[in-house]
>>> print(open('data_14.txt').read())   # compact mmCIF, C-alpha atoms
# COMPACT_ATOMS: atom_id res chain seq x y z
CA MET J 1 0.00 0.00 0.00
CA LYS J 2 2.25 2.77 -1.31
CA TYR J 3 0.53 6.01 -2.22
CA ASN J 4 2.30 9.22 -3.19
CA THR J 5 -0.79 11.36 -3.76
CA ILE J 6 -4.44 11.50 -2.85
CA GLY J 7 -5.07 10.76 -6.53
CA ASP J 8 -3.17 7.49 -6.10
CA ILE J 9 -5.54 6.47 -3.31
CA TYR J 10 -8.60 7.34 -5.40
CA GLU J 11 -7.21 5.38 -8.38
CA ALA J 12 -6.47 2.34 -6.24
CA ASN J 13 -9.94 2.48 -4.71
CA ASP J 14 -11.48 2.67 -8.20
CA ARG J 15 -9.50 -0.40 -9.35
CA ILE J 16 -10.62 -2.31 -6.27
CA ARG J 17 -14.25 -1.32 -6.91
CA GLU J 18 -13.99 -2.63 -10.47
CA LYS J 19 -12.65 -5.91 -9.12
CA LEU J 20 -15.61 -6.14 -6.74
CA ARG J 21 -18.04 -5.48 -9.59
CA ALA J 22 -16.34 -8.12 -11.73
CA THR J 23 -16.48 -10.60 -8.85
CA VAL J 24 -20.16 -10.16 -7.94
CA GLY J 25 -21.71 -8.66 -11.08
CA ASN J 26 -22.98 -11.85 -12.70
CA LEU J 27 -23.83 -14.03 -9.73
CA THR J 28 -27.09 -15.92 -9.58
CA ASP J 29 -29.40 -15.40 -6.61
CA ALA J 30 -28.41 -18.87 -5.41
CA GLN J 31 -24.71 -17.93 -5.45
CA ALA J 32 -25.37 -14.56 -3.78
CA ASP J 33 -27.41 -16.17 -1.00
CA ALA J 34 -25.44 -19.38 -0.41
CA LEU J 35 -23.83 -19.83 2.98
CA PRO J 36 -21.19 -22.55 2.70
CA GLU J 37 -20.18 -24.44 5.81
CA GLY J 38 -17.77 -22.47 7.97
CA GLU J 39 -18.84 -19.08 6.59
CA LYS J 40 -20.69 -16.40 8.56
CA TRP J 41 -21.94 -14.23 5.70
CA THR J 42 -23.30 -14.72 2.21
CA VAL J 43 -21.83 -12.81 -0.73
CA ARG J 44 -24.89 -10.55 -0.66
CA GLU J 45 -24.20 -9.77 3.01
CA PHE J 46 -20.54 -9.02 2.33
CA VAL J 47 -21.51 -6.51 -0.35
CA GLU J 48 -24.11 -4.91 1.92
CA HIS J 49 -21.50 -4.64 4.69
CA ILE J 50 -19.03 -2.96 2.33
CA ALA J 51 -21.73 -0.44 1.33
CA ILE J 52 -22.47 0.38 4.97
CA VAL J 53 -18.79 0.81 5.84
CA ASP J 54 -18.09 2.91 2.73
CA GLU J 55 -20.85 5.31 3.69
CA GLY J 56 -19.51 5.59 7.23
CA ILE J 57 -16.00 6.28 5.95
CA MET J 58 -17.32 9.00 3.65
CA ARG J 59 -19.15 10.71 6.54
CA ILE J 60 -16.14 10.46 8.86
CA SER J 61 -13.85 11.81 6.14
CA ALA J 62 -16.17 14.76 5.45
CA LYS J 63 -16.25 15.63 9.15
CA LEU J 64 -12.46 15.41 9.48
CA LEU J 65 -11.80 17.39 6.30
CA ASN J 66 -14.21 20.14 7.32
CA ALA J 67 -12.45 20.39 10.67
CA ALA J 68 -9.09 20.57 8.87
CA ARG J 69 -10.39 23.27 6.53
CA GLU J 70 -11.46 25.33 9.54
CA GLY J 71 -7.94 24.88 10.92
CA GLY J 72 -6.62 26.59 7.80
CA LYS J 73 -3.76 24.23 7.01
CA SER J 74 -3.24 23.60 3.33
CA SER J 75 -1.91 20.52 1.57
CA ASP J 76 -0.04 19.86 -1.65
CA GLY J 77 -2.15 16.76 -2.41
CA ALA J 78 0.45 14.33 -1.13
CA ALA J 79 -0.74 11.18 0.60
CA ARG J 80 0.48 11.19 4.19
CA LEU J 81 -0.22 7.90 5.92
CA SER J 82 1.42 7.29 9.27
CA ASP J 83 3.83 4.39 9.73
CA GLU J 84 1.59 3.15 12.52
CA PHE J 85 -1.41 3.02 10.16
CA LEU J 86 0.61 1.24 7.46
CA GLN J 87 1.82 -1.37 9.96
CA LYS J 88 -1.67 -1.97 11.33
CA ALA J 89 -3.16 -2.15 7.84
CA ALA J 90 -0.57 -4.73 6.78
CA ALA J 91 -1.25 -6.82 9.89
CA GLY J 92 -4.99 -6.42 9.37
CA ARG J 93 -4.93 -8.22 6.03
CA THR J 94 -4.89 -11.57 7.80
CA ALA J 95 -6.30 -10.71 11.23
CA LYS J 96 -9.75 -11.83 12.30
CA PHE J 97 -12.24 -9.06 13.08
CA GLU J 98 -15.79 -9.07 14.36
CA ALA J 99 -17.89 -6.38 12.69
CA PRO J 100 -19.55 -3.97 15.14
CA ASP J 101 -23.34 -4.12 15.15
CA ARG J 102 -23.65 -0.77 13.36
CA VAL J 103 -21.96 -2.16 10.23
CA ARG J 104 -23.37 -5.67 10.18
CA PRO J 105 -25.48 -6.54 7.15
CA THR J 106 -29.22 -6.93 7.55
CA GLY J 107 -29.48 -9.48 4.76
CA THR J 108 -32.33 -7.49 3.24
CA LYS J 109 -30.41 -5.70 0.45
CA SER J 110 -29.71 -7.15 -2.95
CA ILE J 111 -26.24 -6.91 -4.44
CA ALA J 112 -27.60 -4.38 -6.96
CA GLU J 113 -29.03 -2.22 -4.15
CA SER J 114 -25.75 -2.32 -2.24
CA LEU J 115 -23.73 -1.49 -5.36
CA ALA J 116 -26.05 1.46 -6.06
CA ARG J 117 -25.51 2.67 -2.50
CA MET J 118 -21.76 2.32 -3.01
CA ASP J 119 -21.99 4.32 -6.25
CA GLU J 120 -23.71 7.16 -4.40
CA THR J 121 -21.08 7.08 -1.67
CA ARG J 122 -18.34 7.11 -4.29
CA ARG J 123 -19.97 10.16 -5.91
CA GLN J 124 -19.92 11.92 -2.54
CA LEU J 125 -16.28 10.93 -1.98
CA GLU J 126 -15.47 12.39 -5.39
CA GLU J 127 -17.05 15.67 -4.23
CA LEU J 128 -14.69 15.56 -1.23
CA ARG J 129 -11.63 15.06 -3.40
CA PRO J 130 -10.77 18.79 -3.68
CA LEU J 131 -10.74 18.96 0.14
CA PHE J 132 -8.59 15.83 0.41
CA GLU J 133 -6.15 17.43 -2.03
CA SER J 134 -6.13 20.97 -0.64
CA VAL J 135 -6.36 20.77 3.16
CA ASP J 136 -3.98 19.10 5.57
CA GLY J 137 -6.19 16.41 7.05
CA THR J 138 -3.47 14.66 9.03
CA GLU J 139 -4.11 16.20 12.45
CA ALA J 140 -7.86 15.71 12.85
CA LYS J 141 -8.51 12.07 13.75
CA PHE J 142 -11.44 9.73 14.34
CA PRO J 143 -11.09 6.35 16.07
CA HIS J 144 -11.42 3.07 14.23
CA PRO J 145 -12.34 0.10 16.46
CA ALA J 146 -9.28 -1.94 15.43
CA PHE J 147 -6.80 0.60 14.04
CA GLY J 148 -7.14 3.44 16.53
CA ASP J 149 -7.19 7.12 15.63
CA LEU J 150 -7.08 7.68 11.86
CA SER J 151 -6.83 10.80 9.70
CA ALA J 152 -9.15 11.45 6.76
CA GLN J 153 -6.42 10.25 4.37
CA GLU J 154 -6.00 7.04 6.35
CA TRP J 155 -9.76 6.45 6.32
CA LEU J 156 -9.75 6.92 2.53
CA ALA J 157 -6.93 4.38 2.14
CA LEU J 158 -8.70 2.03 4.54
CA LEU J 159 -11.80 2.10 2.34
CA GLY J 160 -9.98 0.30 -0.47
CA GLY J 161 -8.15 -2.05 1.87
CA HIS J 162 -11.41 -3.02 3.56
CA GLU J 163 -13.08 -3.66 0.23
CA MET J 164 -10.16 -5.77 -1.02
CA ARG J 165 -10.18 -7.84 2.17
CA HIS J 166 -13.83 -8.69 1.58
CA ILE J 167 -13.31 -9.40 -2.13
CA LYS J 168 -10.89 -12.12 -1.07
CA GLN J 169 -13.46 -13.48 1.38
CA ILE J 170 -16.14 -13.40 -1.33
CA GLU J 171 -13.81 -15.28 -3.67
CA ALA J 172 -13.28 -17.90 -0.95
CA VAL J 173 -17.05 -18.30 -0.52
CA LEU J 174 -17.52 -18.65 -4.28
CA GLU J 175 -14.72 -21.20 -4.45
CA LYS J 176 -16.54 -23.34 -1.86
CA LEU J 177 -19.63 -23.29 -4.10
CA LYS J 178 -17.83 -24.96 -7.02
>>> encode(input="data_14.txt", output="structure tokens")
Amino acid sequence: MKYNTIGDIYEANDRIREKLRATVGNLTDAQADALPEGEKWTVREFVEHIAIVDEGIMRISAKLLNAAREGGKSSDGAARLSDEFLQKAAAGRTAKFEAPDRVRPTGTKSIAESLARMDETRRQLEELRPLFESVDGTEAKFPHPAFGDLSAQEWLALLGGHEMRHIKQIEAVLEKLK
């Protein structure tokens, strides 16, 4: 996870989103709703969870960026992710986590509904891009349950990492269905 600019983070997140769409875009209802032995969530539930988390990250980022803007510190658009965040993110790729209740899927949303929600969140994140690129959002922080206090830039990077983690889990579920 090496990013030089905010644009690099956005581009990586877009590539990850395309991978998610390619992975779940043509699934049957039976594949989307199957719960193989040893799994806790269906593919549909994974996608709903991602949509919920994405929306939360967008809201947190907006709050942090607005606080940074009020602080008056400008940025050159460089991506500044702390070493601590990078270490925790690397360790988190294989760690087991239990999703907090507020981001657990309900099981009531179709993959198409969740993807549409994710598209809307992505549109809102795109509206935040000028703030990400122009204000220094490294000082204002908001706590993540597993990673601790994160800046807006770290939350943005986490969005893609979180999505990629679940793509791999979705692929594992689909592999069990073969």
>>> residues_around(input="data_14.txt", residues="Ile111 (chain J)", least_positions_apart="2", cutoff="8 Å", atoms="only C-alpha atoms", output="PyMOL selection string")
chain J and resi 24+32+44+47-48+109+113-115
>>> write_last_selection(input="data_14.txt", atoms="C-alpha atoms", output="tab-separated table (two decimals), in the frame of the given file")
chain	number	residue	atom	x	y	z
J	24	VAL	CA	-20.16	-10.16	-7.94
J	32	ALA	CA	-25.37	-14.56	-3.78
J	44	ARG	CA	-24.89	-10.55	-0.66
J	47	VAL	CA	-21.51	-6.51	-0.35
J	48	GLU	CA	-24.11	-4.91	1.92
J	109	LYS	CA	-30.41	-5.70	0.45
J	113	GLU	CA	-29.03	-2.22	-4.15
J	114	SER	CA	-25.75	-2.32	-2.24
J	115	LEU	CA	-23.73	-1.49	-5.36
>>> atom_distance(input="data_14.txt", atom1="CA of Glu171 (chain J)", atom2="CA of Ala146 (chain J)")
23.7 Å
>>> residues_around(input="data_14.txt", residues="Glu133 (chain J)", least_positions_apart="6", cutoff="8 Å", atoms="all atoms listed in the file", output="PyMOL selection string")
chain J and resi 6+75-78
>>> closest_atom_pairs(input="data_14.txt", of="region 37-98 of chain J", to="region 174-178 of chain J", cutoff="10 Å", atoms="only C-alpha atoms", output="Markdown table")
| residue | atom | partner | partner_atom | distance |
| --- | --- | --- | --- | --- |
| J:Glu37 | CA | J:Lys176 | CA | 8.6 |
| J:Gly38 | CA | J:Lys176 | CA | 9.9 |
| J:Glu39 | CA | J:Lys176 | CA | 9.7 |
| J:Thr42 | CA | J:Leu174 | CA | 9.5 |
| J:Val43 | CA | J:Leu174 | CA | 8.1 |
>>> write_last_selection(input="data_14.txt", atoms="C-alpha atoms", output="PDB file, in the coordinates of the input")
ATOM      1  CA  GLU J  37     -20.180 -24.440   5.810  1.00  0.00           C
ATOM      2  CA  GLY J  38     -17.770 -22.470   7.970  1.00  0.00           C
ATOM      3  CA  GLU J  39     -18.840 -19.080   6.590  1.00  0.00           C
ATOM      4  CA  THR J  42     -23.300 -14.720   2.210  1.00  0.00           C
ATOM      5  CA  VAL J  43     -21.830 -12.810  -0.730  1.00  0.00           C
TER       6      VAL J  43
END
>>> residues_around(input="data_14.txt", residues="Leu125 (chain J)", least_positions_apart="5", cutoff="12 Å", atoms="all atoms listed in the file", output="number ranges by chain")
J: 6, 9-10, 13-14, 54-62, 65, 118-120, 130-132, 152-153, 155-156, 159
>>> closest_residue(input="data_14.txt", among="J:Thr106, J:Asn66, J:Ser134, J:Thr94", to="Phe46 (chain J)", atoms="all atoms listed in the file")
J:Thr106
>>> residues_near_point(input="data_14.txt", point="(-15.0, 1.9, -10.0)", cutoff="12 Å", atoms="only C-alpha atoms", output="MDAnalysis selection string")
chainID J and resid 10:22 115:116 118:123 126 160 163
>>> residues_around(input="data_14.txt", residues="His162 (chain J)", least_positions_apart="3", cutoff="9 Å", atoms="all atoms listed in the file", output="compact mmCIF listing (two decimals) with C-alpha atoms, in the frame of the given file")
# COMPACT_ATOMS: atom_id res chain seq x y z
CA ILE J 50 -19.03 -2.96 2.33
CA VAL J 53 -18.79 0.81 5.84
CA ASP J 54 -18.09 2.91 2.73
CA ARG J 93 -4.93 -8.22 6.03
CA ALA J 157 -6.93 4.38 2.14
CA LEU J 158 -8.70 2.03 4.54
CA LEU J 159 -11.80 2.10 2.34
CA ARG J 165 -10.18 -7.84 2.17
CA HIS J 166 -13.83 -8.69 1.58
CA ILE J 167 -13.31 -9.40 -2.13
>>> atom_distance(input="data_14.txt", atom1="CA of Ser110 (chain J)", atom2="CA of Ala95 (chain J)")
27.6 Å
>>> atom_distance(input="data_14.txt", atom1="CA of Gly137 (chain J)", atom2="CA of Ser151 (chain J)")
6.2 Å
>>> closest_residue(input="data_14.txt", among="J:Leu64, J:Gly25, J:Lys2, J:Trp41", to="Val135 (chain J)", atoms="all atoms listed in the file")
J:Leu64
